[in-house]
file start_6.tsv (TSV, C-alpha atoms)
chain	number	residue	atom	x	y	z
O	525	MET	CA	66.36	-66.18	-4.21
O	526	ASN	CA	66.34	-64.86	-0.68
O	527	PRO	CA	65.54	-67.82	1.66
O	528	LYS	CA	62.97	-65.80	3.59
O	529	LEU	CA	61.19	-64.77	0.41
O	530	ALA	CA	61.33	-68.34	-0.88
O	531	HIS	CA	59.79	-69.57	2.35
O	532	LEU	CA	57.12	-66.88	2.25
O	533	LEU	CA	56.22	-67.71	-1.33
O	534	MET	CA	56.07	-71.40	-0.57
O	535	ARG	CA	53.71	-70.66	2.31
O	536	LEU	CA	51.20	-69.22	-0.17
O	537	TYR	CA	50.38	-72.72	-1.37
O	538	PRO	CA	47.68	-74.85	0.28
O	539	ARG	CA	48.79	-76.99	3.21
O	540	LEU	CA	48.39	-80.30	1.44
O	541	TRP	CA	50.39	-79.13	-1.53
O	542	ARG	CA	53.13	-77.88	0.81
O	543	GLU	CA	53.26	-81.20	2.60
O	544	ARG	CA	54.11	-82.93	-0.66
O	545	TYR	CA	56.15	-80.32	-2.54
O	546	GLY	CA	56.94	-77.61	0.00
O	547	ALA	CA	60.50	-78.63	0.94
O	548	GLU	CA	61.71	-79.33	-2.59
O	549	PHE	CA	59.94	-76.28	-4.01
O	550	GLU	CA	61.48	-74.02	-1.37
O	551	ALA	CA	64.93	-75.45	-2.08
O	552	PHE	CA	64.28	-74.96	-5.79
O	553	LEU	CA	63.26	-71.34	-5.28
O	554	GLN	CA	66.29	-70.65	-3.10
O	555	SER	CA	68.59	-71.87	-5.83
O	556	ARG	CA	67.00	-69.53	-8.40
O	557	GLN	CA	67.99	-65.97	-9.18
O	558	GLY	CA	64.54	-64.80	-8.22
O	559	GLY	CA	63.25	-61.45	-9.35
O	560	LEU	CA	59.88	-59.86	-9.60
O	561	ARG	CA	58.77	-61.94	-12.58
O	562	GLU	CA	59.50	-65.25	-10.88
O	563	SER	CA	57.88	-64.11	-7.63
O	564	ALA	CA	54.77	-63.03	-9.52
O	565	ASN	CA	54.71	-66.38	-11.29
O	566	VAL	CA	54.82	-68.21	-7.96
O	567	VAL	CA	52.09	-66.00	-6.47
O	568	CYS	CA	49.80	-66.64	-9.46
O	569	SER	CA	50.52	-70.38	-9.38
O	570	ALA	CA	49.82	-70.52	-5.64
O	571	LEU	CA	46.50	-68.75	-6.19
O	572	HIS	CA	45.67	-71.15	-8.98
O	573	GLU	CA	46.54	-74.07	-6.72
O	574	ARG	CA	44.18	-72.73	-4.08
O	575	ILE	CA	41.35	-72.24	-6.56
O	576	SER	CA	41.91	-75.49	-8.40
O	577	PRO	CA	43.85	-77.87	-6.12
O	578	THR	CA	45.96	-80.60	-7.63
O	579	ARG	CA	44.33	-83.25	-5.41
O	580	GLU	CA	47.44	-85.34	-5.53
O	581	GLY	CA	47.38	-88.58	-3.54
O	582	ALA	CA	46.05	-87.89	-0.08
O	583	MET	CA	44.58	-84.63	-1.27
O	584	ASP	CA	41.62	-86.58	-2.62
O	585	GLN	CA	40.81	-87.77	0.88
O	586	ASP	CA	41.07	-84.40	2.53
O	587	SER	CA	37.78	-84.20	4.35
O	588	ARG	CA	38.52	-80.65	5.51
O	589	SER	CA	38.79	-79.16	2.04
O	590	PHE	CA	36.10	-76.79	0.91
O	591	GLN	CA	35.18	-78.98	-2.06
O	592	ALA	CA	34.74	-81.98	0.22
O	593	TRP	CA	32.40	-79.96	2.42
O	594	CYS	CA	30.41	-78.84	-0.61
O	595	VAL	CA	29.81	-82.47	-1.48
O	596	ARG	CA	29.23	-83.76	2.04
O	597	ALA	CA	27.14	-80.95	3.43
O	598	PRO	CA	25.80	-78.64	0.72
O	599	TRP	CA	22.99	-77.63	3.09
O	600	ALA	CA	25.60	-76.18	5.46
O	601	ILE	CA	27.68	-74.43	2.82
O	602	PHE	CA	24.86	-73.04	0.70
O	603	GLY	CA	21.94	-73.05	3.14
O	604	LEU	CA	23.35	-72.01	6.50
O	605	ALA	CA	26.71	-70.40	5.78
O	606	PRO	CA	25.16	-67.44	3.87
O	607	ILE	CA	23.00	-66.69	6.91
O	608	PHE	CA	26.04	-66.59	9.19
O	609	LEU	CA	27.92	-64.56	6.62
O	610	LEU	CA	25.09	-62.03	6.42
O	611	ALA	CA	24.84	-61.93	10.22
O	612	MET	CA	28.53	-61.09	10.37
O	613	ALA	CA	28.08	-58.41	7.71
O	614	TYR	CA	25.22	-56.91	9.74
O	615	PHE	CA	27.35	-56.98	12.87
O	616	VAL	CA	29.96	-54.94	11.03
O	617	ALA	CA	27.20	-52.58	9.84
O	618	CYS	CA	26.01	-52.08	13.43
O	619	LEU	CA	29.57	-51.45	14.58
O	620	TYR	CA	30.01	-48.94	11.76
O	621	LEU	CA	26.79	-47.16	12.69
O	622	TRP	CA	27.67	-47.09	16.38
O	623	SER	CA	31.14	-45.71	15.61
O	624	GLY	CA	29.63	-42.99	13.42
O	625	TRP	CA	27.17	-42.13	16.15
O	626	LYS	CA	29.99	-41.79	18.68
O	627	MET	CA	32.21	-39.80	16.33
O	628	PHE	CA	29.82	-37.51	14.50
O	629	LEU	CA	26.68	-37.31	16.62
O	630	PRO	CA	27.86	-37.69	20.24
O	631	GLY	CA	25.04	-35.61	21.65
O	632	ALA	CA	22.19	-37.06	19.60
O	633	ASP	CA	19.82	-39.60	21.10
O	634	THR	CA	19.75	-41.54	17.85
O	635	PRO	CA	21.97	-41.78	14.78
O	636	PHE	CA	18.87	-41.75	12.58
O	637	GLY	CA	17.14	-38.62	11.42
O	638	GLY	CA	18.23	-35.04	11.53
O	639	PRO	CA	20.08	-33.22	8.79
O	640	ILE	CA	23.74	-34.09	8.41
O	641	TYR	CA	26.18	-32.66	5.90
O	642	GLY	CA	29.70	-33.03	4.59
O	643	ILE	CA	31.86	-35.87	5.79
O	644	ARG	CA	29.19	-37.07	8.21
O	645	ASN	CA	26.75	-37.44	5.37
O	646	ILE	CA	29.27	-39.38	3.29
O	647	TYR	CA	30.02	-41.64	6.27
O	648	PHE	CA	26.40	-42.52	6.97
O	649	GLN	CA	25.49	-42.85	3.27
O	650	ALA	CA	28.37	-45.29	2.82
O	651	GLY	CA	27.08	-47.26	5.80
O	652	LYS	CA	23.58	-47.29	4.37
O	653	PHE	CA	24.92	-48.47	1.02
O	654	TYR	CA	26.83	-51.25	2.74
O	655	TYR	CA	23.82	-52.23	4.86
O	656	PHE	CA	21.49	-52.55	1.89
O	657	GLY	CA	24.15	-54.07	-0.33
O	658	ALA	CA	25.23	-56.74	2.15
O	659	PRO	CA	22.49	-59.31	1.32
O	660	VAL	CA	23.16	-58.93	-2.39
O	661	LEU	CA	26.92	-59.32	-1.90
O	662	VAL	CA	26.42	-62.38	0.29
O	663	GLY	CA	24.02	-63.84	-2.29
O	664	TRP	CA	26.47	-63.25	-5.12
O	665	THR	CA	29.29	-64.85	-3.13
O	666	THR	CA	27.10	-67.89	-2.45
O	667	ALA	CA	26.01	-68.14	-6.08
O	668	LEU	CA	29.61	-67.82	-7.24
O	669	MET	CA	30.67	-70.64	-4.92
O	670	ALA	CA	27.81	-72.80	-6.17
O	671	VAL	CA	28.83	-72.16	-9.77
O	672	ARG	CA	32.46	-72.99	-9.04
O	673	GLN	CA	31.57	-76.17	-7.14
O	674	ARG	CA	28.80	-77.14	-9.60
O	675	VAL	CA	26.39	-78.02	-6.81
O	676	LYS	CA	22.70	-78.73	-7.26
O	677	SER	CA	20.72	-75.52	-7.32
O	678	VAL	CA	18.22	-76.55	-4.62
O	679	TRP	CA	20.46	-75.63	-1.67
O	680	LEU	CA	21.58	-72.47	-3.35
O	681	VAL	CA	17.96	-71.41	-3.85
O	682	VAL	CA	17.20	-72.19	-0.21
O	683	GLY	CA	20.20	-70.16	0.91
O	684	LEU	CA	19.31	-67.22	-1.32
O	685	ILE	CA	15.69	-67.21	-0.15
O	686	LEU	CA	16.89	-67.16	3.45
O	687	VAL	CA	19.26	-64.31	2.67
O	688	ALA	CA	16.47	-62.38	0.94
O	689	TRP	CA	14.17	-62.95	3.90
O	690	MET	CA	16.85	-61.86	6.35
O	691	GLY	CA	17.67	-58.80	4.26
O	692	SER	CA	14.04	-57.71	4.06
O	693	ALA	CA	13.22	-58.48	7.70
O	694	ALA	CA	16.27	-56.91	9.37
O	695	GLN	CA	15.50	-54.09	11.75
O	696	ILE	CA	18.07	-51.84	13.41
O	697	HIS	CA	17.32	-50.15	16.71
O	698	ALA	CA	19.31	-47.44	18.42
O	699	SER	CA	18.78	-46.26	21.98
O	700	ARG	CA	20.54	-44.53	24.83
O	701	THR	CA	20.49	-45.34	28.50
O	702	ALA	CA	18.13	-43.18	30.58
O	703	VAL	CA	20.94	-40.89	31.72
O	704	HIS	CA	21.37	-37.87	29.45
O	705	GLY	CA	24.27	-38.53	27.10
O	706	GLY	CA	24.48	-42.10	28.34
O	707	PHE	CA	25.89	-45.05	26.53
O	708	GLY	CA	24.41	-45.64	23.07
O	709	HIS	CA	23.16	-49.08	22.09
O	710	ILE	CA	22.68	-50.43	18.60
O	711	SER	CA	20.74	-53.64	18.25
O	712	MET	CA	19.29	-55.67	15.46
O	713	ASP	CA	16.53	-58.22	15.30
O	714	PHE	CA	14.62	-60.36	12.85
O	715	PRO	CA	11.33	-61.05	14.65
O	716	LEU	CA	9.43	-63.83	12.94
O	717	SER	CA	6.00	-62.27	13.12
O	718	ALA	CA	7.22	-58.84	12.22
O	719	SER	CA	9.34	-60.27	9.46
O	720	LEU	CA	6.43	-62.19	7.94
O	721	GLN	CA	4.40	-59.04	8.08
O	722	SER	CA	7.32	-57.13	6.67
O	723	VAL	CA	7.72	-59.56	3.80
O	724	TYR	CA	4.00	-59.29	3.18
O	725	GLN	CA	4.06	-55.51	3.32
O	726	SER	CA	7.18	-55.05	1.32
O	727	PRO	CA	7.50	-58.05	-0.96
O	728	LEU	CA	9.33	-55.83	-3.38
O	729	HIS	CA	12.29	-55.60	-1.05
O	730	ALA	CA	12.63	-59.35	-0.61
O	731	LEU	CA	11.99	-59.99	-4.28
O	732	THR	CA	14.53	-57.38	-5.31
O	733	ILE	CA	17.20	-58.97	-3.14
O	734	LEU	CA	16.30	-62.43	-4.42
O	735	SER	CA	16.27	-61.34	-8.04
O	736	LEU	CA	19.59	-59.57	-7.76
O	737	THR	CA	21.25	-62.52	-6.06
O	738	VAL	CA	19.78	-65.18	-8.34
O	739	LEU	CA	20.48	-63.24	-11.53
O	740	PRO	CA	24.21	-64.14	-11.93
O	741	TYR	CA	23.41	-67.80	-11.27
O	742	LEU	CA	20.62	-67.78	-13.85
O	743	ILE	CA	22.91	-66.16	-16.40
O	744	TRP	CA	25.45	-68.92	-15.76
O	745	LEU	CA	22.78	-71.61	-16.18
O	746	VAL	CA	21.63	-70.10	-19.47
O	747	GLN	CA	25.19	-69.85	-20.74
O	748	LYS	CA	25.86	-73.45	-19.71
O	749	ASN	CA	22.77	-74.69	-21.54
O	750	GLN	CA	23.66	-72.67	-24.61
O	751	SER	CA	27.20	-74.08	-24.68
O	752	ARG	CA	25.78	-77.61	-24.32
O	753	SER	CA	23.37	-77.11	-27.18
O	754	VAL	CA	26.23	-75.80	-29.36
Q	1100	MET	CA	51.10	-65.80	-31.28
Q	1101	GLY	CA	54.16	-66.45	-29.13
Q	1102	HIS	CA	56.02	-69.55	-28.09
Q	1103	TYR	CA	54.22	-72.85	-27.74
Q	1104	SER	CA	53.15	-73.20	-24.13
Q	1105	ASP	CA	51.49	-76.26	-22.68
Q	1106	PRO	CA	53.50	-76.73	-19.48
Q	1107	PRO	CA	52.57	-80.39	-18.78
Q	1108	LEU	CA	53.36	-81.38	-22.36
Q	1109	LEU	CA	56.63	-79.44	-22.29
Q	1110	VAL	CA	57.65	-81.14	-19.03
Q	1111	LEU	CA	56.81	-84.57	-20.46
Q	1112	ALA	CA	58.76	-83.82	-23.61
Q	1113	SER	CA	61.70	-82.63	-21.55
Q	1114	LEU	CA	61.73	-85.81	-19.47
Q	1115	ALA	CA	61.44	-88.01	-22.55
Q	1116	ASN	CA	65.21	-88.18	-22.95
Q	1117	GLY	CA	66.03	-88.87	-19.31
Q	1118	PRO	CA	65.33	-87.80	-15.71
Q	1119	LYS	CA	65.83	-84.15	-14.84
Q	1120	HIS	CA	65.42	-81.80	-11.91
Q	1121	GLY	CA	63.70	-78.42	-12.01
Q	1122	HIS	CA	66.58	-76.31	-13.35
Q	1123	SER	CA	67.46	-78.79	-16.08
Q	1124	MET	CA	63.83	-79.02	-17.12
Q	1125	ILE	CA	63.49	-75.24	-17.42
Q	1126	GLU	CA	66.66	-74.90	-19.50
Q	1127	ASP	CA	65.78	-77.92	-21.63
Q	1128	ILE	CA	62.31	-76.56	-22.31
Q	1129	VAL	CA	63.81	-73.22	-23.38
Q	1130	ARG	CA	65.99	-75.08	-25.92
Q	1131	LEU	CA	63.08	-77.26	-26.99
Q	1132	SER	CA	60.37	-74.68	-27.46
Q	1133	GLY	CA	61.69	-71.23	-26.65
Q	1134	THR	CA	59.37	-71.06	-23.64
Q	1135	ARG	CA	60.82	-70.30	-20.21
Q	1136	LEU	CA	58.52	-71.70	-17.54
Q	1137	GLY	CA	58.34	-69.87	-14.22
Q	1138	PRO	CA	58.99	-71.92	-11.06
Q	1139	GLY	CA	55.33	-71.86	-10.07
Q	1140	THR	CA	54.19	-72.95	-13.53
Q	1141	LEU	CA	56.78	-75.73	-13.57
Q	1142	TYR	CA	55.71	-77.12	-10.23
Q	1143	GLY	CA	52.04	-76.76	-11.15
Q	1144	ALA	CA	52.72	-78.97	-14.16
Q	1145	ILE	CA	54.85	-81.40	-12.12
Q	1146	SER	CA	52.17	-81.84	-9.46
Q	1147	ARG	CA	49.47	-82.48	-12.06
Q	1148	LEU	CA	51.61	-84.91	-14.03
Q	1149	GLU	CA	52.58	-86.78	-10.90
Q	1150	ARG	CA	48.93	-87.02	-9.90
Q	1151	LYS	CA	48.16	-88.64	-13.25
Q	1152	GLY	CA	51.04	-91.04	-12.76
Q	1153	TRP	CA	52.83	-89.76	-15.87
Q	1154	ILE	CA	55.99	-88.77	-14.01
Q	1155	GLU	CA	57.52	-89.94	-10.75
Q	1156	PRO	CA	60.14	-88.57	-8.37
Q	1157	LEU	CA	63.52	-90.19	-8.02
Q	1158	ARG	CA	65.78	-90.12	-4.99
Q	1159	PRO	CA	66.84	-86.49	-4.32
Q	1160	VAL	CA	70.37	-85.50	-5.24
Q	1161	GLU	CA	71.57	-83.06	-2.55
Q	1162	ARG	CA	68.63	-80.67	-2.41
Q	1163	ARG	CA	67.52	-81.23	-5.98
Q	1164	GLN	CA	64.56	-83.42	-6.77
Q	1165	PRO	CA	64.77	-85.21	-10.11
Q	1166	TYR	CA	61.77	-86.64	-11.91
Q	1167	ARG	CA	61.42	-89.22	-14.63
Q	1168	ILE	CA	58.68	-90.03	-17.08
Q	1169	THR	CA	56.71	-93.24	-16.53
Q	1170	ALA	CA	55.56	-95.74	-19.15
Q	1171	GLU	CA	52.06	-94.23	-18.97
Q	1172	GLY	CA	53.58	-90.79	-19.40
Q	1173	LEU	CA	55.40	-91.92	-22.54
Q	1174	LEU	CA	52.15	-93.23	-23.97
Q	1175	ALA	CA	50.37	-89.99	-23.17
Q	1176	LEU	CA	53.21	-87.95	-24.69
Q	1177	ARG	CA	53.22	-90.06	-27.83
Q	1178	ALA	CA	49.45	-89.70	-28.22
Q	1179	LYS	CA	49.55	-85.96	-27.71
Q	1180	LEU	CA	52.44	-85.41	-30.10
Q	1181	THR	CA	50.77	-87.59	-32.73
Q	1182	THR	CA	47.64	-85.46	-32.45
Q	1183	LEU	CA	49.73	-82.33	-32.78
Q	1184	GLN	CA	51.54	-83.79	-35.76
Q	1185	GLN	CA	48.26	-84.56	-37.51
Q	1186	PHE	CA	47.01	-81.09	-36.69
Q	1187	THR	CA	50.21	-79.51	-38.03
Q	1188	LYS	CA	50.04	-81.58	-41.23
Q	1189	ALA	CA	46.41	-80.64	-41.83
Q	1190	GLY	CA	47.11	-76.98	-41.12
Q	1191	LEU	CA	50.13	-76.86	-43.45
Q	1192	LYS	CA	48.18	-78.63	-46.16
Q	1193	ARG	CA	45.54	-75.94	-46.01
Q	1194	LEU	CA	48.22	-73.28	-46.25
Q	1195	GLU	CA	49.72	-74.97	-49.30
Q	1196	ALA	CA	46.34	-74.89	-50.98
Q	1197	LEU	CA	46.22	-71.11	-50.72

call {"tool": "encode", "arguments": {"input": "start_6.tsv", "output": "structure tokens"}}
result
Amino acid sequence: MNPKLAHLLMRLYPRLWRERYGAEFEAFLQSRQGGLRESANVVCSALHERISPTREGAMDQDSRSFQAWCVRAPWAIFGLAPIFLLAMAYFVACLYLWSGWKMFLPGADTPFGGPIYGIRNIYFQAGKFYYFGAPVLVGWTTALMAVRQRVKSVWLVVGLILVAWMGSAAQIHASRTAVHGGFGHISMDFPLSASLQSVYQSPLHALTILSLTVLPYLIWLVQKNQSRSV
Amino acid sequence: MGHYSDPPLLVLASLANGPKHGHSMIEDIVRLSGTRLGPGTLYGAISRLERKGWIEPLRPVERRQPYRITAEGLLALRAKLTTLQQFTKAGLKRLEAL
């Protein structure tokens, strides 16, 4: 196999695995004929190693591994991390909205309102879909991680409630500087008072997000209990 | 139903008659079971077996890394093959009754 390709394939494995087997595995790959089938086999095995690490020797003591963090600080992984993840997703949403405003509505004072058609409409509808879908996606990702790591559900529930609250309370504002055609600003906030009011006024929104995000986890719990009873 | 494929068991069985490096293991396993393990699958099995203490590395020969089965590995292999043997016997008996 081409030495560069062998090295590249070896690099797909987790660091701790490479430290133990990297050199011999790379030499082994270099001495092989190679081919698409073997490369695909290595890629799949590397992915498997990342999902389910071997934990050989020192790997058990790797305090930086994701699994170790899930055990040591589940509150951070399942309580706080989803909030940061959703904040990042909202940042991207704001950037997307601002870019669309600059590209498609350069003269408008706000990207909201007003009839838009064609490609503009598709662009802003996609953004809206992403904006409303972000909390659900973040919730699903968190629930999936919790299922994989088999953590206690309490931190997951806390994380999902926070995500649902954030999703229902989020408010986007758009404004221009006083000068006509000035620089457009997009901002976002989650005011506590307004958000409490918002949750009160639109409990459906928060409950919908929570239900959607909790649903896959509940299905997994039911399946687990059923398999135990069988 | 294709070839029998349980990579860790195949690697253990291959090492049962002496230490081998990766290439030898792959070729031996093809002769033994008709299954050709990919390099990633082979090393996945090796890393898991080494973690369990069922195989251990020997001193490298040039750039090749040979492995040998440990006493614990032999016990595990014997237990697994015995189970398979019992399973095969029971299955064949049922077929004979047809």

call {"tool": "interface_residues", "arguments": {"input": "start_6.tsv", "of": "chain Q", "to": "chain O", "cutoff": "9 Å", "atoms": "only C-alpha atoms", "output": "ChimeraX atom specification"}}
result
/Q:1121-1122,1137-1140,1142-1143,1146-1147,1149-1151,1159,1162-1164

call {"tool": "atom_distance", "arguments": {"input": "start_6.tsv", "atom1": "CA of Ile743 in chain O", "atom2": "CA of Val662 in chain O"}}
result
17.5 Å

call {"tool": "atom_distance", "arguments": {"input": "start_6.tsv", "atom1": "CA of Gly657 in chain O", "atom2": "CA of Pro598 in chain O"}}
result
24.6 Å

call {"tool": "residues_around", "arguments": {"input": "start_6.tsv", "residues": "Glu1126 in chain Q", "least_positions_apart": "4", "cutoff": "12 Å", "atoms": "only C-alpha atoms", "output": "number ranges by chain"}}
result
Q: 1109-1110, 1113-1114, 1119-1122, 1130-1138, 1141

call {"tool": "atom_distance", "arguments": {"input": "start_6.tsv", "atom1": "CA of Ala530 in chain O", "atom2": "CA of Gln554 in chain O"}}
result
5.9 Å

call {"tool": "closest_residue", "arguments": {"input": "start_6.tsv", "among": "Q:Leu1183, Q:Ile1128, Q:Leu1197, Q:Leu1111", "to": "Tyr1166 in chain Q", "atoms": "all atoms listed in the file"}}
result
Q:Leu1111

call {"tool": "residues_around", "arguments": {"input": "start_6.tsv", "residues": "Gly1117 in chain Q", "least_positions_apart": "5", "cutoff": "12 Å", "atoms": "all atoms listed in the file", "output": "number ranges by chain"}}
result
Q: 1110-1112, 1123-1124, 1127, 1154, 1157, 1165-1169, 1173

call {"tool": "closest_residue", "arguments": {"input": "start_6.tsv", "among": "O:Tyr620, O:Trp599, O:Trp679, O:Phe628", "to": "Gly642 in chain O", "atoms": "only C-alpha atoms"}}
result
O:Phe628

call {"tool": "closest_residue", "arguments": {"input": "start_6.tsv", "among": "O:Ile575, O:Ala600, O:Ile607, O:Val671", "to": "Pro538 in chain O", "atoms": "only C-alpha atoms"}}
result
O:Ile575

call {"tool": "closest_residue", "arguments": {"input": "start_6.tsv", "among": "O:Ala611, O:Met525, O:Ile601, O:Leu728", "to": "Thr666 in chain O", "atoms": "all atoms listed in the file"}}
result
O:Ile601
